[in-house]
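Chemist: Got a structure for you, written out below as structure tokens; questions coming shortly.
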Amino acid sequence: MNKLRTGAFHTGMILLSLLWLGPVLWVVVMSTRSFDDIAAHGVGSLPRSFTLDTYRQAWTDGGELRALINSMVVTVPSVVLSLGLAAMAAFALSRFRIPGRRTILLLMLAGNLLPPQILLIPVAKFSELTGLYDTLWALIAVQVGFGLGFYTFVLHGFMRDLPGEIQEAATIDGAGTAQIFTRVMLPLTRPALAALGALSFTWIFNDLLWAITVLRTDDNMPVTPALLGLQGQFVSSWNVIAAGTVIAAVPTVAVFLRFQRHFVSGLALGAVK
Amino acid sequence: MTATISTTSVTPVRRRRRSARLSPLLVAFVLVPFAVESVWVFWPALQGFWFSLTRWDGMSSPAFVGTDNYVELAGDATFRGALVNTVIWLVLFGGLSVLGGFGMALVLQKERRGVGFYRAALFTPVVFSLVVTALVWRVFYQPDGIADTLLRAVGLESLIRPWLADPQTALYAVILPALWRQIGYVMVLFLAGLKAIDPALHEAARMDGANSWQRLRHVTIPQLKGVNAVVLSVIVIDSLRSFDIVWSLTKGGPYHSSELLSTYMYSTAFQSLRLGYASAIAVVIFVLALAVILGYLVRAFREEA
């Protein structure tokens, strides 16, 4: 009976896993098929050819290389800046008796909970006004501004729970506020920073809405919106589109695999509290 | 040191608090991030409300029209369709991802052989962007794609249709990929919550003769109250924000059949260039999210207290 149940469990779960991984594998396989093969047998058929030229096409003709560079130019500074600023605010708000600190914290969190739609038009207009429209600066700025509230809230919860003695000891040893922040608090906050870093990397890298709101020129698009453009450019070349899709997915998958533990604990951060 | 340190002991802190003067550095630590968020979030949000009371094409300056935009919304059939679709989205996408995610978390909570792999499999799509997800599923829905091939294999050719181009099926054909990606995410949230439940509670219930259904009903679910609140907020906010997957698959078409408030707002703003009217739609989205946002903040507030 027990064996039967174990068997049923594994059979069910393997089928389910296949449902989840199957479509992904299908796209990976499709990215290595030739155009003629797909044209003759359809996207639903098994592969009868193998080529990697699709990746060259997506990479150079499709502009994925440029898009990936744009994505990195936006994502890396956005993650560093927003986590840095959030850590500063969280440190001050959690470790010192700043008047109105709770209101400030909740206001910042509330900003992140807003539906972005209410911000789209004003942000687009503001970036036009400041001359940032259609530059990657605008995208970095809005990613930092919009993400800050949530990161501050999470880091605040983490820093608040650190023992006060460490800070007192550092103060007695003559450390100033800046030193306490950089030498004591930041190292202690590393697990939370790693978790948020992995999460925010994927969020910013995967973003579509902000990018198509503050950017217009194709050459400036990060890889997520560029993937939609690729679809227009290679309308029926499903193999090239599949290759582009794989290229666009690799960086976040890499970050996930490298920081797997942090990533999952980051997602869970809010849930257990 | 001019700033006081908050410690758990109450009396000395209170005494020090009166004489507290904040160092300029600490003030900057709070004000700089706050200013950044003000410029890119708070101020634009206020402007958004103001724009919803104007007629504006983005070129000339906005003209105040009072509540005209809202009156027009009330009679706009496309808006009403988008509102209904958003509710359907909320119920199907939200409800099924909670059920699916919770179910999967229950099935996969016990460490045993293979569980790590199954969890990873369900979680994989979470790291993909919704645009990547959309393209993966486009292959599935393509004429002669996987869906059609599978249906043919089991002799149900008659059901085959252009899934994304048929107004009858477009919305549901978009919800499916969104669910596929969300279930793993919700599962991880519930797994974290289940892990935090004291096993002694289950043990005690079992001693008292509770069967597995009773233990689920009277131990697990009440213990997950905190997680449930978070998941609910996340789901409602995510549903109202959903944009990428619809935009990548159908752009709200055909004939607005898969239009959500978020996509209607975007196309009204940046394609029809009716910025005032689009702002009014955005305000409606905000009002729908408001209850959940407030609930979330109240919870956060209590935690900080």
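Naming works like this for the structure tokens: A, B, ... for the chains as they're shown, residue 1 at the start of each chain, ligands 1 onward in shown order.
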Check range 225-272 of chain B with DSSP on the backbone and list each residue it calls alpha helix (DSSP H), as a ChimeraX atom specification.
Modeler: /B:225-241,244-249,261-270
Chemist: With 12 Å as the cut-off and only C-alpha atoms counted, what is the closest atom pair between each nearby residue of range 204-296 of chain B and range 225-235 of chain A? Distances in Å to one decimal, ordered by chain and number, as a tab-separated table.
Modeler:
residue	atom	partner	partner_atom	distance
B:Asp244	CA	A:Pro225	CA	9.6
B:Ile245	CA	A:Leu228	CA	11.2
B:Trp247	CA	A:Leu228	CA	9.5
B:Ser248	CA	A:Leu228	CA	6.8
B:Leu249	CA	A:Leu228	CA	9.6
B:Thr250	CA	A:Leu228	CA	11.7
B:Lys251	CA	A:Leu228	CA	11.3
Chemist: With a distance cut-off of 10 Å and only C-alpha atoms, select the neighbouring residues of Leu92 in chain B, excluding the residue or stretch itself and same-chain residues fewer than 6 positions from it, and output the selection as a list in words.
Modeler: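 Those residues are Thr86, Val98, Tyr172, Ile175, Leu176, Leu179 and Ser239 of chain B.
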Chemist: Which residues, written as a ChimeraX atom specification, have at least one atom at most 12 Å from Ala282 in chain B, with only C-alpha atoms counted and residues fewer than 2 positions away on the same chain left out?
Modeler: /A:114-122 /B:45-53,69-70,73,79,83,240-241,260-269,275-280,284-289
Chemist: Any chance you can output those residues with N, CA and C atoms as a CSV table (one decimal), in the first residue's frame?
Modeler:
chain,number,residue,atom,x,y,z
A,114,LEU,N,1.8,51.0,-4.7
A,114,LEU,CA,1.0,51.6,-5.7
A,114,LEU,C,1.0,50.9,-7.1
A,115,PRO,N,-0.2,50.8,-7.7
A,115,PRO,CA,-0.2,50.2,-9.1
A,115,PRO,C,0.7,51.2,-10.0
A,116,PRO,N,1.6,50.6,-10.7
A,116,PRO,CA,2.5,51.5,-11.5
A,116,PRO,C,1.7,52.3,-12.5
A,117,GLN,N,0.5,51.9,-12.9
A,117,GLN,CA,-0.2,52.6,-13.9
A,117,GLN,C,-0.5,54.0,-13.6
A,118,ILE,N,-0.7,54.3,-12.3
A,118,ILE,CA,-0.9,55.7,-11.9
A,118,ILE,C,0.3,56.6,-12.1
A,119,LEU,N,1.5,55.9,-12.2
A,119,LEU,CA,2.7,56.7,-12.3
A,119,LEU,C,3.2,56.8,-13.7
A,120,LEU,N,2.7,56.0,-14.6
A,120,LEU,CA,3.3,55.9,-16.0
A,120,LEU,C,3.3,57.3,-16.7
A,121,ILE,N,2.2,57.9,-16.8
A,121,ILE,CA,2.1,59.2,-17.5
A,121,ILE,C,3.0,60.3,-16.9
A,122,PRO,N,2.8,60.5,-15.6
A,122,PRO,CA,3.7,61.5,-15.0
A,122,PRO,C,5.1,61.2,-15.1
B,45,ALA,N,2.6,60.3,-8.5
B,45,ALA,CA,1.3,59.7,-8.1
B,45,ALA,C,0.3,60.9,-7.9
B,46,LEU,N,0.7,61.9,-7.2
B,46,LEU,CA,-0.2,63.1,-7.0
B,46,LEU,C,-0.6,63.7,-8.4
B,47,GLN,N,0.4,63.8,-9.3
B,47,GLN,CA,0.1,64.3,-10.6
B,47,GLN,C,-0.9,63.5,-11.3
B,48,GLY,N,-0.7,62.1,-11.1
B,48,GLY,CA,-1.6,61.2,-11.8
B,48,GLY,C,-3.1,61.5,-11.5
B,49,PHE,N,-3.3,61.8,-10.2
B,49,PHE,CA,-4.7,62.1,-9.8
B,49,PHE,C,-5.2,63.4,-10.5
B,50,TRP,N,-4.3,64.4,-10.5
B,50,TRP,CA,-4.6,65.6,-11.1
B,50,TRP,C,-4.9,65.5,-12.6
B,51,PHE,N,-4.1,64.7,-13.3
B,51,PHE,CA,-4.2,64.5,-14.7
B,51,PHE,C,-5.6,63.9,-15.1
B,52,SER,N,-6.1,63.1,-14.1
B,52,SER,CA,-7.3,62.4,-14.4
B,52,SER,C,-8.5,63.3,-14.5
B,53,LEU,N,-8.3,64.6,-14.0
B,53,LEU,CA,-9.3,65.6,-14.1
B,53,LEU,C,-9.1,66.5,-15.3
B,69,ASN,N,-13.9,62.8,-17.4
B,69,ASN,CA,-13.3,61.6,-17.8
B,69,ASN,C,-14.0,60.4,-17.1
B,70,TYR,N,-14.4,60.6,-15.8
B,70,TYR,CA,-15.1,59.5,-15.1
B,70,TYR,C,-16.5,59.3,-15.6
B,73,LEU,N,-16.0,57.3,-18.7
B,73,LEU,CA,-15.7,55.9,-18.3
B,73,LEU,C,-16.9,55.1,-18.1
B,79,PHE,N,-14.2,50.0,-21.5
B,79,PHE,CA,-13.7,50.0,-20.1
B,79,PHE,C,-14.5,49.0,-19.3
B,83,LEU,N,-13.0,46.0,-17.2
B,83,LEU,CA,-13.2,45.8,-15.8
B,83,LEU,C,-13.7,44.4,-15.5
B,240,LEU,N,-3.9,43.1,-10.4
B,240,LEU,CA,-4.3,44.4,-10.9
B,240,LEU,C,-3.1,45.0,-11.7
B,241,ARG,N,-1.9,44.5,-11.4
B,241,ARG,CA,-0.7,45.0,-12.2
B,241,ARG,C,-0.5,44.3,-13.5
B,260,LEU,N,-7.4,44.1,-20.2
B,260,LEU,CA,-7.5,44.3,-18.8
B,260,LEU,C,-7.4,45.8,-18.6
B,261,LEU,N,-7.7,46.3,-17.4
B,261,LEU,CA,-7.6,47.7,-17.1
B,261,LEU,C,-6.2,48.2,-17.4
B,262,SER,N,-5.2,47.4,-17.0
B,262,SER,CA,-3.8,47.8,-17.2
B,262,SER,C,-3.5,48.0,-18.6
B,263,THR,N,-3.9,47.1,-19.5
B,263,THR,CA,-3.5,47.2,-20.9
B,263,THR,C,-4.4,48.3,-21.6
B,264,TYR,N,-5.6,48.5,-21.2
B,264,TYR,CA,-6.5,49.5,-21.7
B,264,TYR,C,-5.9,50.9,-21.4
B,265,MET,N,-5.4,51.0,-20.1
B,265,MET,CA,-4.8,52.3,-19.7
B,265,MET,C,-3.6,52.6,-20.5
B,266,TYR,N,-2.7,51.6,-20.7
B,266,TYR,CA,-1.5,51.8,-21.5
B,266,TYR,C,-1.8,52.2,-22.9
B,267,SER,N,-2.7,51.5,-23.6
B,267,SER,CA,-2.9,51.8,-25.0
B,267,SER,C,-3.6,53.2,-25.1
B,268,THR,N,-4.5,53.5,-24.1
B,268,THR,CA,-5.2,54.8,-24.2
B,268,THR,C,-4.1,55.9,-24.0
B,269,ALA,N,-3.2,55.7,-23.1
B,269,ALA,CA,-2.2,56.7,-22.9
B,269,ALA,C,-1.2,56.9,-24.0
B,275,LEU,N,-4.2,61.3,-22.5
B,275,LEU,CA,-3.5,61.1,-21.3
B,275,LEU,C,-4.4,61.4,-20.1
B,276,GLY,N,-5.3,62.3,-20.2
B,276,GLY,CA,-6.3,62.6,-19.1
B,276,GLY,C,-7.2,61.4,-18.8
B,277,TYR,N,-7.7,60.9,-19.9
B,277,TYR,CA,-8.6,59.7,-19.8
B,277,TYR,C,-7.9,58.5,-19.3
B,278,ALA,N,-6.7,58.3,-19.8
B,278,ALA,CA,-5.9,57.1,-19.3
B,278,ALA,C,-5.6,57.3,-17.8
B,279,SER,N,-5.4,58.5,-17.3
B,279,SER,CA,-5.1,58.7,-15.9
B,279,SER,C,-6.3,58.3,-15.1
B,280,ALA,N,-7.5,58.6,-15.6
B,280,ALA,CA,-8.7,58.2,-14.9
B,280,ALA,C,-8.8,56.7,-14.8
B,284,VAL,N,-8.9,54.4,-11.3
B,284,VAL,CA,-9.8,53.3,-11.0
B,284,VAL,C,-9.0,52.1,-10.5
B,285,ILE,N,-7.8,51.8,-11.2
B,285,ILE,CA,-7.0,50.6,-10.8
B,285,ILE,C,-6.5,50.9,-9.4
B,286,PHE,N,-6.1,52.1,-9.1
B,286,PHE,CA,-5.6,52.4,-7.7
B,286,PHE,C,-6.7,52.2,-6.7
B,287,VAL,N,-7.9,52.7,-7.0
B,287,VAL,CA,-9.0,52.5,-6.0
B,287,VAL,C,-9.3,51.0,-5.8
B,288,LEU,N,-9.2,50.2,-6.9
B,288,LEU,CA,-9.4,48.8,-6.7
B,288,LEU,C,-8.4,48.2,-5.8
B,289,ALA,N,-7.1,48.7,-5.9
B,289,ALA,CA,-6.0,48.1,-5.1
B,289,ALA,C,-6.0,48.7,-3.7
Chemist: For CA of Gln271 in chain B and CA of Ala77 in chain B, determine how far apart the two atoms are, in Å to one decimal place.
Modeler: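 Computing it gives 18.5 Å between the two atoms.
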Chemist: Between A:Val223, A:Leu193, A:Leu52, A:Val142, which has the minimum distance to chain B (counting only C-alpha atoms)?
Modeler: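 Answer, going by the shortest atom-to-atom distance: A:Val142.
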Chemist: Write out as a PDB file with C-alpha atoms, in the first residue's frame which residues come within 12 Å of Leu106 in chain B when counting only C-alpha atoms, dropping same-chain ones fewer than 2 positions away.
Modeler:
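out_31.pdb, freshly written:
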ATOM      1  CA  VAL B  98      -3.496  30.129  -4.557  1.00  0.00           C
ATOM      2  CA  LEU B  99      -5.194  26.730  -4.796  1.00  0.00           C
ATOM      3  CA  GLY B 100      -2.479  25.304  -7.033  1.00  0.00           C
ATOM      4  CA  GLY B 101       0.365  26.793  -5.036  1.00  0.00           C
ATOM      5  CA  PHE B 102      -1.091  25.681  -1.716  1.00  0.00           C
ATOM      6  CA  GLY B 103      -1.821  22.197  -3.043  1.00  0.00           C
ATOM      7  CA  MET B 104       1.684  21.821  -4.400  1.00  0.00           C
ATOM      8  CA  LEU B 108       5.868  18.733  -1.556  1.00  0.00           C
ATOM      9  CA  GLN B 109       6.328  19.880   2.045  1.00  0.00           C
ATOM     10  CA  LYS B 110       7.778  16.623   3.346  1.00  0.00           C
ATOM     11  CA  GLU B 111      11.449  16.083   2.535  1.00  0.00           C
ATOM     12  CA  VAL B 115      11.034  16.502  -3.798  1.00  0.00           C
ATOM     13  CA  ARG B 119      10.007  21.915  -6.379  1.00  0.00           C
ATOM     14  CA  VAL B 186       2.890  30.940  -4.429  1.00  0.00           C
ATOM     15  CA  MET B 187       4.121  27.430  -3.622  1.00  0.00           C
ATOM     16  CA  VAL B 188       7.399  28.833  -2.294  1.00  0.00           C
ATOM     17  CA  LEU B 189       5.546  31.306  -0.074  1.00  0.00           C
ATOM     18  CA  PHE B 190       3.386  28.529   1.392  1.00  0.00           C
ATOM     19  CA  LEU B 191       6.357  26.171   1.778  1.00  0.00           C
ATOM     20  CA  ALA B 192       8.077  28.799   3.909  1.00  0.00           C
ATOM     21  CA  GLY B 193       4.922  29.179   5.980  1.00  0.00           C
ATOM     22  CA  LEU B 194       4.430  25.427   6.412  1.00  0.00           C
ATOM     23  CA  LYS B 195       8.028  25.048   7.538  1.00  0.00           C
ATOM     24  CA  SER B 212      -5.210  14.274   7.978  1.00  0.00           C
ATOM     25  CA  TRP B 213      -8.151  16.319   6.676  1.00  0.00           C
ATOM     26  CA  LEU B 216      -5.248  20.402   7.600  1.00  0.00           C
ATOM     27  CA  THR B 220      -2.367  23.908   9.208  1.00  0.00           C
ATOM     28  CA  ILE B 221      -4.742  26.520   7.799  1.00  0.00           C
TER      29      ILE B 221
END
